[in-house]
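Undergrad: Quick one, model_27.tsv (TSV, C-alpha atoms):
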chain	number	residue	atom	x	y	z
A	1	MET	CA	5.56	2.28	-4.50
A	2	ILE	CA	5.01	-1.14	-6.03
A	3	VAL	CA	4.76	0.13	-9.60
A	4	ASN	CA	7.90	2.17	-9.05
A	5	ALA	CA	9.85	-0.75	-7.57
A	6	SER	CA	8.85	-3.06	-10.41
A	7	TRP	CA	9.85	-0.50	-13.03
A	8	MET	CA	13.28	0.05	-11.44
A	9	LEU	CA	14.05	-3.64	-11.12
A	10	ILE	CA	12.99	-4.37	-14.68
A	11	SER	CA	14.97	-1.43	-16.05
A	12	GLY	CA	18.09	-2.51	-14.17
A	13	LYS	CA	18.41	0.49	-11.90
A	14	SER	CA	20.77	-0.26	-9.04
A	15	ALA	CA	21.49	1.22	-5.63
A	16	SER	CA	24.68	2.73	-7.04
A	17	ASP	CA	22.63	5.31	-8.94
A	18	SER	CA	22.15	8.65	-7.28
A	19	ALA	CA	19.16	9.10	-4.99
A	20	MET	CA	17.93	11.97	-7.14
A	21	GLY	CA	18.15	9.82	-10.26
A	22	LEU	CA	16.10	7.10	-8.60
A	23	ILE	CA	13.51	9.58	-7.39
A	24	VAL	CA	13.18	11.17	-10.83
A	25	THR	CA	12.82	7.69	-12.33
A	26	THR	CA	10.10	6.65	-9.91
A	27	VAL	CA	8.21	9.93	-10.24
A	28	LEU	CA	8.27	9.73	-14.04
A	29	SER	CA	7.19	6.08	-14.02
A	30	SER	CA	4.22	6.92	-11.79
A	31	VAL	CA	3.22	9.95	-13.85
A	32	ILE	CA	3.44	7.97	-17.09
A	33	THR	CA	1.46	5.08	-15.57
A	34	ILE	CA	-1.27	7.44	-14.38
A	35	ALA	CA	-1.44	9.23	-17.74
A	36	VAL	CA	-1.55	6.02	-19.81
A	37	PHE	CA	-4.22	4.31	-17.70
A	38	LEU	CA	-6.41	7.42	-17.72
A	39	MET	CA	-5.98	8.28	-21.40
A	40	ALA	CA	-6.52	4.68	-22.50
A	41	LYS	CA	-9.50	4.46	-20.13
A	42	TRP	CA	-8.15	1.23	-18.69
A	43	SER	CA	-9.17	2.59	-15.32
A	44	GLU	CA	-12.47	4.40	-14.99
A	45	VAL	CA	-12.57	7.54	-12.88
A	46	SER	CA	-15.92	8.72	-11.56
A	47	ARG	CA	-17.05	11.35	-9.06
A	48	HIS	CA	-20.08	9.29	-8.09
A	49	TRP	CA	-18.74	8.11	-4.73
A	50	ILE	CA	-17.00	11.33	-3.69
A	51	ARG	CA	-20.12	13.38	-4.49
A	52	LYS	CA	-21.76	11.70	-1.51
A	53	ARG	CA	-19.20	13.47	0.71
A	54	PRO	CA	-18.09	10.30	2.51
A	55	TRP	CA	-15.64	12.16	4.74
A	56	ILE	CA	-16.29	10.02	7.81
A	57	THR	CA	-15.76	6.84	5.81
A	58	MET	CA	-12.49	8.21	4.45
A	59	ALA	CA	-11.44	9.04	8.00
A	60	TRP	CA	-12.13	5.45	9.06
A	61	CYS	CA	-9.94	4.26	6.14
A	62	ALA	CA	-7.11	6.37	7.55
A	63	VAL	CA	-7.72	5.04	11.07
A	64	ALA	CA	-7.70	1.44	9.79
A	65	ALA	CA	-4.41	2.00	8.00
A	66	PHE	CA	-2.85	3.46	11.13
A	67	GLY	CA	-4.14	0.63	13.30
A	68	ALA	CA	-2.78	-2.06	10.98
A	69	ILE	CA	0.84	-0.92	11.03
A	70	ILE	CA	2.15	-2.47	14.28
A	71	PRO	CA	0.24	-5.78	13.91
A	72	SER	CA	1.54	-6.01	10.35
A	73	LEU	CA	5.15	-5.43	11.42
A	74	TRP	CA	4.78	-7.95	14.26
A	75	PHE	CA	3.24	-10.54	11.94
A	76	GLN	CA	5.92	-10.05	9.30
A	77	GLU	CA	8.72	-10.49	11.86
A	78	HIS	CA	7.25	-13.85	12.87
A	79	MET	CA	7.11	-15.06	9.28
A	80	PRO	CA	10.02	-17.03	7.80
A	81	GLU	CA	12.68	-14.58	6.62
A	82	LEU	CA	12.50	-13.88	2.90
A	83	PRO	CA	15.11	-12.19	0.66
A	84	ASN	CA	14.83	-8.39	0.62
A	85	ILE	CA	16.27	-7.73	-2.83
A	86	ALA	CA	14.98	-4.15	-3.08
A	87	GLU	CA	16.28	-2.97	0.30
A	88	GLU	CA	19.11	-0.79	-1.04
A	89	THR	CA	16.93	0.82	-3.68
A	90	PHE	CA	14.18	1.72	-1.22
A	91	ASP	CA	16.80	2.94	1.26
A	92	MET	CA	18.02	5.54	-1.22
A	93	ILE	CA	14.51	6.78	-1.92
A	94	MET	CA	13.12	6.69	1.60
A	95	LYS	CA	15.96	8.63	3.22
A	96	ASP	CA	15.60	11.54	0.78
A	97	ARG	CA	12.99	14.21	1.50
A	98	LEU	CA	11.91	14.31	-2.14
A	99	GLY	CA	11.33	10.57	-1.97
A	100	TYR	CA	8.00	11.29	-0.31
A	101	LEU	CA	6.73	12.67	-3.61
A	102	SER	CA	7.11	9.21	-5.06
A	103	ILE	CA	6.38	7.04	-2.03
A	104	GLY	CA	3.66	9.01	-0.28
A	105	LEU	CA	1.84	10.92	-3.01
A	106	LEU	CA	2.19	9.42	-6.49
A	107	ALA	CA	2.46	5.71	-5.61
A	108	PRO	CA	-0.97	5.45	-3.90
A	109	LEU	CA	-2.68	7.01	-6.93
A	110	ALA	CA	-0.76	5.03	-9.57
A	111	GLU	CA	-1.11	1.69	-7.81
A	112	GLU	CA	-4.81	2.09	-7.06
A	113	LEU	CA	-5.48	3.03	-10.68
A	114	VAL	CA	-3.65	-0.07	-11.91
A	115	PHE	CA	-4.52	-2.78	-9.39
A	116	ARG	CA	-8.00	-1.76	-8.28
A	117	GLY	CA	-9.27	0.64	-10.94
A	118	ALA	CA	-8.16	-1.53	-13.87
A	119	ILE	CA	-7.22	-5.08	-12.87
A	120	LEU	CA	-9.77	-5.70	-10.11
A	121	ARG	CA	-12.53	-3.94	-12.02
A	122	SER	CA	-11.90	-6.26	-14.99
A	123	LEU	CA	-11.75	-9.34	-12.75
A	124	LEU	CA	-15.06	-8.44	-11.11
A	125	GLN	CA	-16.63	-8.29	-14.57
A	126	TRP	CA	-15.06	-11.64	-15.44
A	127	THR	CA	-16.35	-13.56	-12.41
A	128	SER	CA	-19.31	-13.24	-10.08
A	129	ARG	CA	-17.20	-14.59	-7.20
A	130	SER	CA	-15.99	-11.31	-5.78
A	131	TRP	CA	-13.48	-12.81	-3.35
A	132	VAL	CA	-11.85	-14.78	-6.16
A	133	ALA	CA	-11.35	-11.55	-8.08
A	134	ILE	CA	-10.09	-9.75	-4.97
A	135	ALA	CA	-7.66	-12.58	-4.15
A	136	ILE	CA	-6.26	-12.66	-7.69
A	137	SER	CA	-5.78	-8.90	-7.73
A	138	ALA	CA	-4.11	-9.06	-4.30
A	139	PHE	CA	-1.74	-11.76	-5.54
A	140	LEU	CA	-0.81	-9.66	-8.59
A	141	PHE	CA	-0.41	-6.63	-6.32
A	142	ALA	CA	2.02	-8.58	-4.13
A	143	ALA	CA	3.88	-10.16	-7.05
A	144	ALA	CA	4.39	-6.74	-8.65
A	145	HIS	CA	6.68	-5.82	-5.74
A	146	MET	CA	9.25	-8.20	-7.24
A	147	ASN	CA	10.61	-8.40	-3.69
A	148	PRO	CA	9.96	-11.61	-1.69
A	149	ALA	CA	10.26	-9.84	1.69
A	150	GLN	CA	7.23	-7.68	0.88
A	151	LEU	CA	4.95	-10.41	-0.47
A	152	PRO	CA	3.02	-11.44	2.70
A	153	HIS	CA	2.30	-7.87	3.79
A	154	ALA	CA	1.42	-6.72	0.27
A	155	PHE	CA	-0.96	-9.64	-0.26
A	156	LEU	CA	-2.88	-8.97	2.96
A	157	ILE	CA	-3.07	-5.24	2.24
A	158	GLY	CA	-4.14	-6.06	-1.31
A	159	LEU	CA	-7.08	-8.07	0.03
A	160	LEU	CA	-8.23	-5.13	2.15
A	161	LEU	CA	-7.75	-2.60	-0.63
A	162	GLY	CA	-9.66	-4.88	-2.99
A	163	TRP	CA	-12.52	-5.16	-0.51
A	164	LEU	CA	-12.67	-1.36	-0.21
A	165	TYR	CA	-12.91	-1.07	-4.00
A	166	TYR	CA	-15.52	-3.82	-4.29
A	167	ARG	CA	-17.75	-2.16	-1.72
A	168	THR	CA	-17.55	1.32	-3.26
A	169	ASP	CA	-16.59	0.99	-6.94
A	170	SER	CA	-14.11	3.75	-6.17
A	171	ILE	CA	-10.34	3.85	-5.79
A	172	ILE	CA	-10.56	6.76	-3.32
A	173	PRO	CA	-10.92	4.66	-0.10
A	174	GLY	CA	-7.92	2.60	-1.17
A	175	MET	CA	-5.95	5.73	-2.00
A	176	VAL	CA	-6.60	7.12	1.48
A	177	TYR	CA	-5.55	3.85	3.14
A	178	HIS	CA	-2.53	3.56	0.85
A	179	TRP	CA	-1.47	7.16	1.49
A	180	VAL	CA	-1.57	6.73	5.28
A	181	ASN	CA	0.26	3.39	5.10
A	182	ASN	CA	3.05	4.75	2.89
A	183	SER	CA	3.30	8.04	4.77
A	184	VAL	CA	3.70	6.34	8.15
A	185	ALA	CA	6.26	3.94	6.64
A	186	TYR	CA	8.21	6.93	5.28
A	187	VAL	CA	8.14	8.77	8.62
A	188	MET	CA	9.09	5.68	10.65
A	189	TYR	CA	11.94	4.86	8.27
A	190	ASN	CA	13.44	8.32	8.76
A	191	LEU	CA	12.95	8.21	12.53
A	192	TYR	CA	14.42	4.69	12.80
A	193	PRO	CA	16.63	4.19	9.70
A	194	ASP	CA	18.24	0.95	10.92
A	195	PRO	CA	16.80	-1.75	8.59
A	196	ASP	CA	17.59	-4.46	11.15
A	197	LEU	CA	15.58	-2.79	13.93
A	198	THR	CA	12.86	-5.14	15.21
A	199	VAL	CA	9.55	-4.26	16.80
A	200	THR	CA	10.78	-5.78	20.08
A	201	GLN	CA	13.87	-3.55	20.03
A	202	LEU	CA	11.67	-0.57	19.24
A	203	PHE	CA	9.33	-1.16	22.19
A	204	GLY	CA	11.89	-2.62	24.58
A	205	SER	CA	10.34	-6.00	25.40
A	206	GLU	CA	8.10	-8.70	23.96
A	207	ARG	CA	5.43	-7.88	26.54
A	208	THR	CA	5.35	-4.23	25.46
A	209	VAL	CA	5.14	-5.33	21.83
A	210	LEU	CA	2.12	-7.51	22.58
A	211	MET	CA	0.49	-4.59	24.39
A	212	ALA	CA	1.16	-2.36	21.37
A	213	VAL	CA	-0.31	-5.00	19.05
A	214	GLY	CA	-3.38	-5.27	21.28
A	215	CYS	CA	-3.86	-1.49	21.37
A	216	SER	CA	-3.48	-1.32	17.60
A	217	LEU	CA	-6.10	-4.03	17.13
A	218	CYS	CA	-8.42	-1.95	19.32
A	219	ILE	CA	-8.01	0.73	16.64
A	220	LEU	CA	-8.04	-1.51	13.57
A	221	LEU	CA	-11.01	-3.77	14.36
A	222	PRO	CA	-13.50	-0.99	15.23
A	223	ALA	CA	-12.37	0.86	12.09
A	224	LEU	CA	-13.06	-2.21	9.94
A	225	PHE	CA	-16.43	-2.65	11.67
A	226	GLN	CA	-17.35	0.96	10.91
A	227	LEU	CA	-16.23	0.58	7.30
A	228	ASN	CA	-18.31	-2.56	6.91
A	229	MET	CA	-21.32	-0.63	8.22
A	230	LYS	CA	-20.78	2.49	6.13
A	231	LEU	CA	-19.62	1.14	2.76
A	232	GLU	CA	-22.35	0.81	0.18
A	233	LYS	CA	-22.73	-2.82	-0.91
Any chance you could give the structure as structure tokens?

TA:
Amino acid sequence: MIVNASWMLISGKSASDSAMGLIVTTVLSSVITIAVFLMAKWSEVSRHWIRKRPWITMAWCAVAAFGAIIPSLWFQEHMPELPNIAEETFDMIMKDRLGYLSIGLLAPLAEELVFRGAILRSLLQWTSRSWVAIAISAFLFAAAHMNPAQLPHAFLIGLLLGWLYYRTDSIIPGMVYHWVNNSVAYVMYNLYPDPDLTVTQLFGSERTVLMAVGCSLCILLPALFQLNMKLEK
């Protein structure tokens, strides 16, 4: 999703273009990105981690992604409002059924190849301070959105995705997390398409929101604890 957004903004694509044109553009940009990074071997792909059949760990990645959604929305709403310059573009993609091909399927693979499989891997070779490398890659991940409104959320998610890669040397955990995050965002957008809808309006009251945040943390924190126990390093 980030690679696609950056490509569209750089290329000058506007919300006036047809939804199908935008979807084709984003799909092609993801496919080309994946092909180039694999053929040039900028991102290494190995079956080492998946051969261990880490299905439970992958399930915990999905649970963590699900548990982080409401706290993330609540946190972002309490941040100072930032310009959402890509809102119209994402609106056209998200409301189309074929948009899921770009948002939910290709974006997690393309972005994990670029930001974890290539950039973070190189940064970890450059410095022995793993959290410095993870923070830099998370910053680049957020900056690549080219959309100020997404920066705080993207940076925090980038830290978690970087940690998953550092602990496994695999982009697969991040892909699972990324897929769940984007898929839920796609579903929620189509269920509640009003861009001005707040979490409080969704749940009815601030008290209910806080209860939802608390319940979500009861999902997220145990999932992170399990991941910390099960991941290799």

Undergrad: Which residues are close to segment 107-116 of chain A, i.e. within 6 Å by only C-alpha atoms, leaving aside same-chain residues fewer than 4 positions away? Reply as a VMD selection string.

TA: chain A and resid 1 30 34 43 102 to 103 120 171 175 178 to 179

Undergrad: Mind pulling up the distance from atom CA of Ile93 of chain A to atom CA of Ser72 of chain A?

TA: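 We find that atom CA of Ser72 of chain A and atom CA of Ile93 of chain A lie 22.0 Å from each other.
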
Undergrad: Which residue is closest to Asn228 of chain A? Choose from A:Ser205, A:Thr168, A:Ser130, A:Asn84 and count all atoms listed in the file.

TA: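 Using all atoms listed in the file, the shortest distance to Asn228 of chain A belongs to A:Thr168.
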
Undergrad: Tell me which of A:Leu164, A:Val24, A:Val213, A:Ala149 sits closest to Ile134 of chain A, counting only C-alpha atoms.

TA: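 Among A:Leu164, A:Val24, A:Val213, A:Ala149, it is A:Leu164 that comes nearest to Ile134 of chain A.
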
Undergrad: Can you pull out the residues contacting Gly67 of chain A? Cut-off 12 Å, using only C-alpha atoms, and skip same-chain residues under 2 positions away; I want them as a ChimeraX atom specification.

TA: /A:60-65,69-73,177,180-181,184,212-224
